[in-house]
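Listing of upload-v8.txt, compact mmCIF, C-alpha atoms
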```txt
# COMPACT_ATOMS: atom_id res chain seq x y z
CA ASN A 21 0.07 -5.93 -18.81
CA ALA A 22 2.87 -4.10 -16.98
CA GLY A 23 0.71 -2.31 -14.36
CA VAL A 24 2.91 0.11 -12.41
CA THR A 25 6.53 0.35 -13.49
CA GLN A 26 9.17 2.29 -11.57
CA THR A 27 12.86 2.89 -12.21
CA PRO A 28 15.55 2.52 -11.11
CA LYS A 29 15.19 -0.56 -8.93
CA PHE A 30 18.41 0.14 -7.03
CA GLN A 31 20.39 3.34 -6.58
CA VAL A 32 23.21 4.52 -4.35
CA LEU A 33 23.64 8.27 -3.92
CA LYS A 34 26.10 10.46 -2.11
CA THR A 35 24.76 13.02 0.33
CA GLY A 36 23.79 16.15 -1.55
CA GLN A 37 23.31 14.50 -4.93
CA SER A 38 20.01 14.76 -6.73
CA MET A 39 18.04 12.10 -8.53
CA THR A 40 14.61 11.39 -9.95
CA LEU A 41 12.59 8.22 -9.54
CA GLN A 42 10.39 7.55 -12.52
CA CYS A 43 7.00 5.89 -12.43
CA ALA A 44 4.51 5.00 -15.14
CA GLN A 45 1.20 3.14 -15.12
CA ASP A 46 -0.64 1.68 -18.06
CA MET A 47 -4.03 1.15 -16.40
CA ASN A 48 -5.44 4.58 -17.26
CA HIS A 49 -5.68 5.38 -13.56
CA ASN A 50 -6.45 8.90 -12.41
CA SER A 51 -4.57 8.89 -9.10
CA MET A 52 -0.91 8.18 -8.48
CA TYR A 53 1.17 8.04 -5.30
CA TRP A 54 4.66 7.86 -3.89
CA TYR A 55 5.24 6.00 -0.63
CA ARG A 56 8.37 5.22 1.34
CA GLN A 57 8.82 2.12 3.43
CA ASP A 58 11.07 2.07 6.45
CA PRO A 59 11.62 -0.76 8.95
CA GLY A 60 8.92 -0.88 11.63
CA MET A 61 7.03 2.07 10.14
CA GLY A 62 4.99 0.52 7.38
CA LEU A 63 4.43 2.67 4.32
CA ARG A 64 4.12 6.40 4.55
CA LEU A 65 2.70 8.65 1.87
CA ILE A 66 5.11 11.23 0.47
CA TYR A 67 3.05 12.88 -2.26
CA TYR A 68 0.06 12.02 -4.34
CA SER A 69 -1.64 13.23 -7.48
CA ALA A 70 -5.40 12.92 -7.77
CA SER A 71 -5.36 13.81 -11.45
CA GLU A 72 -3.12 15.04 -14.21
CA GLY A 73 -1.80 18.47 -13.35
CA THR A 74 -2.43 18.27 -9.60
CA THR A 75 -0.18 17.20 -6.76
CA ASP A 76 -0.61 17.24 -2.99
CA LYS A 77 1.56 16.59 0.03
CA GLY A 78 1.22 13.43 1.99
CA GLU A 79 2.50 12.55 5.43
CA VAL A 80 6.25 13.00 4.82
CA PRO A 81 6.83 15.43 1.90
CA ASN A 82 9.91 17.29 3.16
CA GLY A 83 12.96 16.87 0.96
CA TYR A 84 10.97 15.71 -2.05
CA ASN A 85 9.32 17.17 -5.11
CA VAL A 86 6.99 15.51 -7.57
CA SER A 87 5.77 16.07 -11.07
CA ARG A 88 2.70 14.58 -12.72
CA LEU A 89 3.97 14.78 -16.28
CA ASN A 90 0.84 13.33 -17.82
CA LYS A 91 -1.81 10.82 -16.85
CA ARG A 92 0.63 7.92 -17.10
CA GLU A 93 3.71 9.31 -15.37
CA PHE A 94 4.46 10.57 -11.87
CA SER A 95 8.07 11.28 -10.91
CA LEU A 96 9.66 11.81 -7.50
CA ARG A 97 12.73 14.01 -7.16
CA LEU A 98 15.26 14.28 -4.39
CA GLU A 99 16.99 17.61 -4.86
CA SER A 100 19.70 17.14 -2.24
CA ALA A 101 19.73 13.59 -0.92
CA ALA A 102 20.24 12.96 2.79
CA PRO A 103 21.01 9.70 4.63
CA SER A 104 17.54 9.94 6.24
CA GLN A 105 16.11 9.38 2.77
CA THR A 106 17.59 5.91 2.57
CA SER A 107 14.48 3.82 2.10
CA VAL A 108 12.44 1.71 -0.26
CA TYR A 109 10.20 3.82 -2.45
CA PHE A 110 6.96 2.58 -3.94
CA CYS A 111 4.96 4.19 -6.68
CA ALA A 112 1.27 3.29 -6.85
CA SER A 113 -1.90 4.13 -8.72
CA SER A 114 -5.65 3.79 -8.33
CA GLU A 115 -8.53 4.30 -10.72
CA ASP A 116 -10.61 6.84 -8.73
CA ARG A 117 -13.28 7.21 -11.35
CA ARG A 118 -14.70 10.61 -12.10
CA ILE A 119 -18.39 11.25 -12.46
CA PRO A 120 -19.77 13.73 -15.02
CA GLY A 121 -18.50 17.18 -14.23
CA GLY A 122 -15.10 15.88 -13.19
CA ARG A 123 -15.87 15.31 -9.54
CA PRO A 124 -14.51 12.14 -7.98
CA SER A 125 -16.81 9.19 -7.57
CA LEU A 126 -16.97 8.67 -3.83
CA SER A 127 -15.96 5.06 -3.92
CA GLY A 128 -12.72 3.62 -2.71
CA ASN A 129 -10.47 2.01 -5.23
CA THR A 130 -7.79 -0.60 -4.98
CA ILE A 131 -4.28 0.82 -5.00
CA TYR A 132 -1.74 -1.08 -7.10
CA PHE A 133 1.96 -0.82 -6.42
CA GLY A 134 5.14 -0.92 -8.43
CA GLU A 135 7.95 -3.27 -7.49
CA GLY A 136 9.83 -0.76 -5.37
CA SER A 137 13.06 1.22 -5.66
CA TRP A 138 15.81 0.62 -3.12
CA LEU A 139 17.62 3.90 -2.49
CA THR A 140 20.70 4.23 -0.31
CA VAL A 141 22.20 7.62 0.53
CA VAL A 142 25.74 7.48 1.89
CA ALA B 74 -8.03 10.05 13.10
CA GLN B 75 -7.65 6.91 11.08
CA LYS B 76 -5.33 4.17 12.19
CA VAL B 77 -4.52 0.56 11.45
CA THR B 78 -2.92 -1.62 14.11
CA GLN B 79 -1.23 -4.93 13.52
CA ALA B 80 -0.16 -5.92 17.00
CA GLN B 81 1.72 -9.03 15.90
CA THR B 82 5.15 -7.93 14.71
CA GLU B 83 6.40 -11.40 13.88
CA ILE B 84 4.84 -14.84 13.77
CA SER B 85 6.63 -18.12 13.17
CA VAL B 86 4.83 -21.41 12.64
CA VAL B 87 5.63 -24.83 11.28
CA GLU B 88 4.42 -25.69 7.81
CA LYS B 89 0.83 -26.99 7.62
CA GLU B 90 -0.22 -25.14 10.75
CA ASP B 91 -3.06 -22.64 10.54
CA VAL B 92 -2.17 -19.05 11.36
CA THR B 93 -4.25 -15.90 11.90
CA LEU B 94 -2.96 -12.39 11.37
CA ASP B 95 -4.80 -9.75 13.36
CA CYS B 96 -5.81 -6.31 12.13
CA VAL B 97 -7.67 -3.66 14.09
CA TYR B 98 -8.62 -0.33 12.55
CA GLU B 99 -9.97 3.02 13.69
CA THR B 100 -12.03 5.40 11.63
CA ARG B 101 -14.99 7.70 12.16
CA ASP B 102 -16.14 7.27 8.60
CA THR B 103 -19.08 5.01 7.93
CA THR B 104 -17.87 4.06 4.48
CA TYR B 105 -14.39 2.70 4.13
CA TYR B 106 -12.41 -0.08 2.51
CA LEU B 107 -10.05 -2.56 4.03
CA PHE B 108 -7.24 -4.37 2.29
CA TRP B 109 -4.62 -6.99 2.81
CA TYR B 110 -1.34 -6.85 0.90
CA LYS B 111 1.46 -9.39 0.84
CA GLN B 112 5.12 -8.41 0.56
CA PRO B 113 7.25 -11.47 -0.20
CA PRO B 114 11.05 -11.43 0.26
CA SER B 115 11.42 -10.13 -3.31
CA GLY B 116 9.91 -6.86 -2.08
CA GLU B 117 6.90 -6.15 -4.26
CA LEU B 118 3.51 -5.41 -2.73
CA VAL B 119 0.85 -7.82 -3.88
CA PHE B 120 -2.83 -7.00 -3.47
CA LEU B 121 -4.75 -9.85 -1.81
CA ILE B 122 -8.23 -8.63 -0.97
CA ARG B 123 -10.43 -5.58 -0.63
CA ARG B 124 -13.49 -5.44 1.62
CA ASN B 125 -16.21 -2.78 1.57
CA SER B 126 -17.39 -1.63 5.02
CA PHE B 127 -20.98 -2.36 3.99
CA ASP B 128 -20.23 -6.00 3.34
CA GLU B 129 -19.47 -8.03 6.45
CA GLN B 130 -19.62 -11.35 4.71
CA ASN B 131 -16.51 -13.38 5.30
CA GLU B 132 -14.53 -14.48 2.29
CA ILE B 133 -12.56 -17.59 1.49
CA SER B 134 -10.10 -17.97 -1.34
CA GLY B 135 -8.37 -21.31 -1.34
CA ARG B 136 -6.28 -21.51 1.84
CA TYR B 137 -6.90 -17.85 2.63
CA SER B 138 -9.88 -16.55 4.55
CA TRP B 139 -10.81 -13.17 5.95
CA ASN B 140 -13.02 -12.38 8.92
CA PHE B 141 -14.45 -8.87 8.94
CA GLN B 142 -16.20 -7.80 12.15
CA LYS B 143 -17.41 -4.25 12.21
CA SER B 144 -18.46 -4.51 15.86
CA THR B 145 -14.87 -5.01 16.92
CA SER B 146 -13.28 -3.03 14.06
CA SER B 147 -11.26 -6.02 13.02
CA PHE B 148 -10.34 -7.57 9.71
CA ASN B 149 -8.36 -10.71 10.45
CA PHE B 150 -6.62 -12.91 7.92
CA THR B 151 -6.25 -16.68 8.31
CA ILE B 152 -4.01 -18.97 6.31
CA THR B 153 -5.00 -22.61 6.56
CA ALA B 154 -2.39 -25.36 6.14
CA SER B 155 0.41 -22.83 5.77
CA GLN B 156 3.20 -23.34 3.26
CA VAL B 157 6.75 -22.04 3.09
CA VAL B 158 5.73 -19.83 0.15
CA ASP B 159 3.40 -17.97 2.48
CA SER B 160 6.43 -16.50 4.25
CA ALA B 161 6.17 -12.74 3.78
CA VAL B 162 5.28 -9.50 5.47
CA TYR B 163 1.54 -8.93 5.43
CA PHE B 164 0.03 -5.48 5.62
CA CYS B 165 -3.50 -4.57 6.56
CA ALA B 166 -4.66 -1.24 5.18
CA LEU B 167 -7.57 1.19 5.19
CA THR B 168 -8.80 3.72 2.64
CA LEU B 169 -11.54 6.26 3.03
CA ARG B 170 -13.95 7.65 0.54
CA GLY B 171 -14.71 11.31 0.33
CA SER B 172 -11.40 12.50 -1.02
CA SER B 173 -10.24 12.92 -4.56
CA ALA B 174 -7.73 10.14 -4.26
CA SER B 175 -7.91 6.82 -2.45
CA LYS B 176 -5.07 7.39 -0.06
CA ILE B 177 -4.25 4.28 1.87
CA ILE B 178 -3.25 3.96 5.51
CA PHE B 179 -1.12 0.94 6.33
CA GLY B 180 -0.52 -0.97 9.49
CA SER B 181 3.10 -1.62 10.38
CA GLY B 182 2.93 -5.15 9.04
CA THR B 183 3.27 -8.69 10.40
CA ARG B 184 6.28 -10.73 9.37
CA LEU B 185 5.16 -14.34 8.89
CA SER B 186 7.75 -17.10 8.76
CA ILE B 187 6.73 -20.61 7.85
CA ARG B 188 9.29 -23.23 8.89
CA PRO B 189 9.55 -26.47 6.93
```

Could you render the structure as structure tokens?
Amino acid sequence: NAGVTQTPKFQVLKTGQSMTLQCAQDMNHNSMYWYRQDPGMGLRLIYYSASEGTTDKGEVPNGYNVSRLNKREFSLRLESAAPSQTSVYFCASSEDRRIPGGRPSLSGNTIYFGEGSWLTVV
Amino acid sequence: AQKVTQAQTEISVVEKEDVTLDCVYETRDTTYYLFWYKQPPSGELVFLIRRNSFDEQNEISGRYSWNFQKSTSSFNFTITASQVVDSAVYFCALTLRGSSASKIIFGSGTRLSIRP
């Protein structure tokens, strides 16, 4: 069982270049997330998607765009990379069950992470 | 506002010593979930444990144990008879219910080094 898979694992970009980080989960989870990890700052939420077709900003969304392609896939795009975006990026997912009518079940769910993508912008 | 504080930035102990990683959290919610994740040198984030705010029973899993005290808003993690393989960064985290997605708030992490 692969869980959360993200690609590429390593990437070097020049300032101004664009790229997309891909993420897929095979756990039939409703919610997906993109975090970045920087030294001394823990993980910070960039964007999240509570369900297919919806996306919302997290703590640090500037300079990024996301796309929830389907229930399995959630991509993160850097349109014009900047050195400040050098970081480790983690994709994650959680079940967040829905109750009849489509509303979220108000219970917390464990968040599972991919293996990380090391991005360097020079 | 919600916040998770891991005051210990780095800890270094000799193998076989016991070590406790501290975690203090802040939230106004009455229902929340606390987690510990391990990030070994290879970089992945490994889920260790989840604790429901309604359940203050302590938990033991092998050499790992967790002490949840709602009165002091703490969720501390103890490794007994530490091993070199325990060397990693450990993150305490908090999620809240009441939103459509279980967004997680992390502490800044504690880097644990176990010396042979």

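Taking atom CA of Glu83 of chain B and atom CA of Lys111 of chain B as the two end points, the separation is 14.1 Å.
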
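Restricting the calculation to only C-alpha atoms, the smallest distance between Asn129 of chain A and any of B:Thr82, B:Ser181, B:Thr168, B:Ser186 is found for B:Thr168.
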
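Of the residues listed (B:Ser126, B:Ser175, B:Ser144, B:Gln75), B:Ser175 shows the shortest atom-to-atom separation from chain A; distances use all atoms listed in the file.
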
Inset, instruction - Up to 12 Å from chain A, what residues of chain B turn up? Count only C-alpha atoms and give them as a PyMOL selection string. - result: chain B and resi 76-83+104-127+162-184

Could you take the residues named above and write them with C-alpha atoms, as a compact mmCIF listing (two decimals), in the coordinates of the input?
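Listing of selection_32.txt after writing:
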```txt
# COMPACT_ATOMS: atom_id res chain seq x y z
CA LYS B 76 -5.33 4.17 12.19
CA VAL B 77 -4.52 0.56 11.45
CA THR B 78 -2.92 -1.62 14.11
CA GLN B 79 -1.23 -4.93 13.52
CA ALA B 80 -0.16 -5.92 17.00
CA GLN B 81 1.72 -9.03 15.90
CA THR B 82 5.15 -7.93 14.71
CA GLU B 83 6.40 -11.40 13.88
CA THR B 104 -17.87 4.06 4.48
CA TYR B 105 -14.39 2.70 4.13
CA TYR B 106 -12.41 -0.08 2.51
CA LEU B 107 -10.05 -2.56 4.03
CA PHE B 108 -7.24 -4.37 2.29
CA TRP B 109 -4.62 -6.99 2.81
CA TYR B 110 -1.34 -6.85 0.90
CA LYS B 111 1.46 -9.39 0.84
CA GLN B 112 5.12 -8.41 0.56
CA PRO B 113 7.25 -11.47 -0.20
CA PRO B 114 11.05 -11.43 0.26
CA SER B 115 11.42 -10.13 -3.31
CA GLY B 116 9.91 -6.86 -2.08
CA GLU B 117 6.90 -6.15 -4.26
CA LEU B 118 3.51 -5.41 -2.73
CA VAL B 119 0.85 -7.82 -3.88
CA PHE B 120 -2.83 -7.00 -3.47
CA LEU B 121 -4.75 -9.85 -1.81
CA ILE B 122 -8.23 -8.63 -0.97
CA ARG B 123 -10.43 -5.58 -0.63
CA ARG B 124 -13.49 -5.44 1.62
CA ASN B 125 -16.21 -2.78 1.57
CA SER B 126 -17.39 -1.63 5.02
CA PHE B 127 -20.98 -2.36 3.99
CA VAL B 162 5.28 -9.50 5.47
CA TYR B 163 1.54 -8.93 5.43
CA PHE B 164 0.03 -5.48 5.62
CA CYS B 165 -3.50 -4.57 6.56
CA ALA B 166 -4.66 -1.24 5.18
CA LEU B 167 -7.57 1.19 5.19
CA THR B 168 -8.80 3.72 2.64
CA LEU B 169 -11.54 6.26 3.03
CA ARG B 170 -13.95 7.65 0.54
CA GLY B 171 -14.71 11.31 0.33
CA SER B 172 -11.40 12.50 -1.02
CA SER B 173 -10.24 12.92 -4.56
CA ALA B 174 -7.73 10.14 -4.26
CA SER B 175 -7.91 6.82 -2.45
CA LYS B 176 -5.07 7.39 -0.06
CA ILE B 177 -4.25 4.28 1.87
CA ILE B 178 -3.25 3.96 5.51
CA PHE B 179 -1.12 0.94 6.33
CA GLY B 180 -0.52 -0.97 9.49
CA SER B 181 3.10 -1.62 10.38
CA GLY B 182 2.93 -5.15 9.04
CA THR B 183 3.27 -8.69 10.40
CA ARG B 184 6.28 -10.73 9.37
```

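Here the question is which of B:Thr93, B:Ala74, B:Arg136, B:Thr103 gets nearest to Gln156 of chain B using all atoms listed in the file, and that residue is B:Arg136.
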
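Look at Val157 of chain B: the protein and nucleic acid residues within 12 Å of it, using all atoms listed in the file and passing over chain neighbours fewer than 5 places away, are B:Ser85, B:Val86, B:Val87, B:Glu88, B:Lys89, B:Glu90, B:Pro113, B:Pro114, B:Ile152, B:Leu185, B:Ser186, B:Ile187, B:Arg188, B:Pro189.
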
Inset, instruction - List the neighbours of segment 85-101 of chain A out to 8 Å using all atoms listed in the file; skip same-chain residues closer than 4 positions along the sequence, and give me the result as a VMD selection string. - result: chain A and resid 33 to 46 48 to 50 52 to 54 67 69 71 to 75 81 105 141

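Coordinates place atom CA of Val142 of chain A at a distance of 7.8 Å from atom CA of Ala102 of chain A.
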
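Atom to atom, atom CA of Val32 of chain A and atom CA of Leu139 of chain A stand 5.9 Å apart.
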
Legend entry - Closest of B:Asn140, B:Ile133, B:Ala154, B:Ser160 to Asp95 of chain B - atom-to-atom distances counting all atoms listed in the file: B:Asn140

Inset, instruction - Would you mind listing what lies within 8 Å of Ser147 of chain B as a count of residues only, with only C-alpha atoms counted and same-chain residues fewer than 5 positions away left out? - result: 7

Could you rebuild segment 163-189 of chain B with N, CA, C and O atoms and give me the result as a JSON list (two decimals), in the frame of the given file?
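After the write, result-v6.json holds the following:
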```json
[["chain", "number", "residue", "atom", "x", "y", "z"],
["B", 163, "TYR", "N", 2.91, -9.19, 5.82],
["B", 163, "TYR", "CA", 1.54, -8.93, 5.43],
["B", 163, "TYR", "C", 1.08, -7.61, 6.04],
["B", 163, "TYR", "O", 1.24, -7.37, 7.23],
["B", 164, "PHE", "N", 0.50, -6.79, 5.18],
["B", 164, "PHE", "CA", 0.03, -5.48, 5.62],
["B", 164, "PHE", "C", -1.49, -5.41, 5.52],
["B", 164, "PHE", "O", -2.08, -5.77, 4.49],
["B", 165, "CYS", "N", -2.09, -4.94, 6.57],
["B", 165, "CYS", "CA", -3.50, -4.57, 6.56],
["B", 165, "CYS", "C", -3.57, -3.07, 6.27],
["B", 165, "CYS", "O", -2.68, -2.31, 6.68],
["B", 166, "ALA", "N", -4.60, -2.64, 5.56],
["B", 166, "ALA", "CA", -4.66, -1.24, 5.18],
["B", 166, "ALA", "C", -6.11, -0.76, 5.10],
["B", 166, "ALA", "O", -7.05, -1.55, 4.99],
["B", 167, "LEU", "N", -6.26, 0.55, 5.14],
["B", 167, "LEU", "CA", -7.57, 1.19, 5.19],
["B", 167, "LEU", "C", -7.58, 2.36, 4.22],
["B", 167, "LEU", "O", -6.62, 3.14, 4.16],
["B", 168, "THR", "N", -8.62, 2.49, 3.41],
["B", 168, "THR", "CA", -8.80, 3.72, 2.64],
["B", 168, "THR", "C", -10.19, 4.27, 2.93],
["B", 168, "THR", "O", -11.11, 3.55, 3.31],
["B", 169, "LEU", "N", -10.31, 5.57, 2.76],
["B", 169, "LEU", "CA", -11.54, 6.26, 3.03],
["B", 169, "LEU", "C", -12.09, 6.83, 1.75],
["B", 169, "LEU", "O", -11.34, 7.23, 0.87],
["B", 170, "ARG", "N", -13.38, 6.94, 1.67],
["B", 170, "ARG", "CA", -13.95, 7.65, 0.54],
["B", 170, "ARG", "C", -14.08, 9.12, 0.94],
["B", 170, "ARG", "O", -13.81, 9.50, 2.08],
["B", 171, "GLY", "N", -14.48, 9.91, 0.00],
["B", 171, "GLY", "CA", -14.71, 11.31, 0.33],
["B", 171, "GLY", "C", -13.54, 12.21, -0.01],
["B", 171, "GLY", "O", -13.59, 13.39, 0.26],
["B", 172, "SER", "N", -12.50, 11.67, -0.56],
["B", 172, "SER", "CA", -11.40, 12.50, -1.02],
["B", 172, "SER", "C", -11.20, 12.22, -2.50],
["B", 172, "SER", "O", -11.73, 11.26, -3.04],
["B", 173, "SER", "N", -10.41, 13.06, -3.12],
["B", 173, "SER", "CA", -10.24, 12.92, -4.56],
["B", 173, "SER", "C", -9.34, 11.77, -4.94],
["B", 173, "SER", "O", -9.31, 11.33, -6.07],
["B", 174, "ALA", "N", -8.61, 11.27, -3.99],
["B", 174, "ALA", "CA", -7.73, 10.14, -4.26],
["B", 174, "ALA", "C", -7.87, 9.14, -3.12],
["B", 174, "ALA", "O", -8.08, 9.51, -1.97],
["B", 175, "SER", "N", -7.72, 7.88, -3.44],
["B", 175, "SER", "CA", -7.91, 6.82, -2.45],
["B", 175, "SER", "C", -6.65, 6.60, -1.65],
["B", 175, "SER", "O", -6.00, 5.58, -1.77],
["B", 176, "LYS", "N", -6.29, 7.56, -0.84],
["B", 176, "LYS", "CA", -5.07, 7.39, -0.06],
["B", 176, "LYS", "C", -5.24, 6.24, 0.92],
["B", 176, "LYS", "O", -6.28, 6.04, 1.49],
["B", 177, "ILE", "N", -4.18, 5.50, 1.08],
["B", 177, "ILE", "CA", -4.25, 4.28, 1.87],
["B", 177, "ILE", "C", -3.40, 4.42, 3.13],
["B", 177, "ILE", "O", -2.32, 4.98, 3.10],
["B", 178, "ILE", "N", -3.95, 3.94, 4.22],
["B", 178, "ILE", "CA", -3.25, 3.96, 5.51],
["B", 178, "ILE", "C", -2.89, 2.53, 5.86],
["B", 178, "ILE", "O", -3.76, 1.66, 5.95],
["B", 179, "PHE", "N", -1.60, 2.29, 6.07],
["B", 179, "PHE", "CA", -1.12, 0.94, 6.33],
["B", 179, "PHE", "C", -0.88, 0.71, 7.82],
["B", 179, "PHE", "O", -0.50, 1.62, 8.55],
["B", 180, "GLY", "N", -1.06, -0.54, 8.22],
["B", 180, "GLY", "CA", -0.52, -0.97, 9.49],
["B", 180, "GLY", "C", 0.98, -1.17, 9.34],
["B", 180, "GLY", "O", 1.53, -1.07, 8.23],
["B", 181, "SER", "N", 1.64, -1.48, 10.42],
["B", 181, "SER", "CA", 3.10, -1.62, 10.38],
["B", 181, "SER", "C", 3.56, -2.98, 9.87],
["B", 181, "SER", "O", 4.74, -3.21, 9.70],
["B", 182, "GLY", "N", 2.61, -3.88, 9.64],
["B", 182, "GLY", "CA", 2.93, -5.15, 9.04],
["B", 182, "GLY", "C", 3.20, -6.26, 10.04],
["B", 182, "GLY", "O", 3.64, -6.00, 11.18],
["B", 183, "THR", "N", 2.95, -7.49, 9.62],
["B", 183, "THR", "CA", 3.27, -8.69, 10.40],
["B", 183, "THR", "C", 4.18, -9.56, 9.56],
["B", 183, "THR", "O", 3.81, -9.94, 8.44],
["B", 184, "ARG", "N", 5.35, -9.86, 10.09],
["B", 184, "ARG", "CA", 6.28, -10.73, 9.37],
["B", 184, "ARG", "C", 5.94, -12.18, 9.70],
["B", 184, "ARG", "O", 6.04, -12.60, 10.85],
["B", 185, "LEU", "N", 5.53, -12.94, 8.72],
["B", 185, "LEU", "CA", 5.16, -14.34, 8.89],
["B", 185, "LEU", "C", 6.25, -15.25, 8.34],
["B", 185, "LEU", "O", 6.63, -15.13, 7.17],
["B", 186, "SER", "N", 6.74, -16.12, 9.18],
["B", 186, "SER", "CA", 7.75, -17.10, 8.76],
["B", 186, "SER", "C", 7.18, -18.50, 8.90],
["B", 186, "SER", "O", 6.70, -18.86, 9.98],
["B", 187, "ILE", "N", 7.23, -19.23, 7.83],
["B", 187, "ILE", "CA", 6.73, -20.61, 7.85],
["B", 187, "ILE", "C", 7.94, -21.53, 7.78],
["B", 187, "ILE", "O", 8.70, -21.52, 6.80],
["B", 188, "ARG", "N", 8.13, -22.33, 8.81],
["B", 188, "ARG", "CA", 9.29, -23.23, 8.89],
["B", 188, "ARG", "C", 8.93, -24.58, 8.31],
["B", 188, "ARG", "O", 7.85, -25.10, 8.55],
["B", 189, "PRO", "N", 9.84, -25.16, 7.53],
["B", 189, "PRO", "CA", 9.55, -26.47, 6.93],
["B", 189, "PRO", "C", 9.47, -27.57, 7.99],
["B", 189, "PRO", "O", 10.03, -27.44, 9.07]]
```
